[in-house]
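K.L.:
Got a structure here, written out as structure tokens. Questions coming.
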Amino acid sequence: MARLTAAPSALAPAPAALPDSRRGSARARGYDARWDRASKAFKRDNPLCRCCTALGFVEATTVTDHVIPHRGDMKRFWDRALWQASCDWCHNVVKQILEQMFDAGKITADDLWLDSPIALEIARRELPKCED
């Protein structure tokens, strides 16, 4: 039987994000100095990745993720109740798959939480397996 032996970041590098000129710069999308301060405080208060913790790993938070993509909606952008702690791998792999499924109408907003059953299923599937 295969088992996971290390946290996601140690096993599988996240794919590089592709540039998307239609989205505009991060600063233009609201990721300014105010966001930097708020995100830093959120990561301090939520030091572990939500997905990794649910999988039994200890992995530091590196990303303050918007559970529901805000797509320029500043009210949603600043709704701290819809922020979650994520490591780079879970954000760049698991969350991207979840958002594609959400946009296609295959899952609900509740499934976008990185400790939802579907998120954990995706994480387990995407992680490389090591033989016993």
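Quick note on naming: the chains in the structure tokens go A, B, ... in the order shown, residues restart at 1 in each chain, and ligands are numbered from 1 in order of appearance.
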Need to verify the contact set: region 55-71 of chain A, 7 Å, only C-alpha atoms, exclusion of same-chain residues closer than 2 positions in sequence. Can you return it as a ChimeraX atom specification?

P.N.:
/A:7,39,43,47-49,51-53,73,76-77,82-88,109,112-113

K.L.:
Could you tell me how far CA of Asp110 (chain A) lies from CA of Asp45 (chain A), in Å and to one decimal?

P.N.:
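Separation of CA of Asp110 (chain A) and CA of Asp45 (chain A): 22.2 Å.
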
K.L.:
Check the smallest atom-to-atom distance from each of A:Ile107, A:Ile122, A:Leu114, A:Met74 to His91 (chain A) using only C-alpha atoms, then report the winner.

P.N.:
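For His91 (chain A), the nearest of the candidates is A:Leu114.
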
K.L.:
Quote the spacing between CA of Ala81 (chain A) and CA of Asp103 (chain A) in Å to one decimal place.

P.N.:
21.0 Å

K.L.:
Could you tell me how far CA of Val94 (chain A) sits from CA of Phe42 (chain A), in Å to one decimal place?

P.N.:
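Straight-line distance from CA of Phe42 (chain A) to CA of Val94 (chain A) works out to 20.4 Å.
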
K.L.:
For Val93 (chain A), which of A:Glu126, A:Arg44, A:Ile118, A:Tyr31 is the closest residue, counting only C-alpha atoms?

P.N.:
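Under the stated criterion, the closest residue is A:Glu126.
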
K.L.:
Can you list, as an MDAnalysis selection string, every residue of region 37-127 of chain A that DSSP puts in strand (DSSP E)?

P.N.:
chainID A and resid 63:66 83:86

K.L.:
From the options A:Ala38, A:Ala33, A:Asn46, A:Ala54, which residue's atoms come nearest to Asp115 (chain A), counting only C-alpha atoms?

P.N.:
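Checking each of A:Ala38, A:Ala33, A:Asn46, A:Ala54 against Asp115 (chain A), counting only C-alpha atoms, the winner is A:Ala54.
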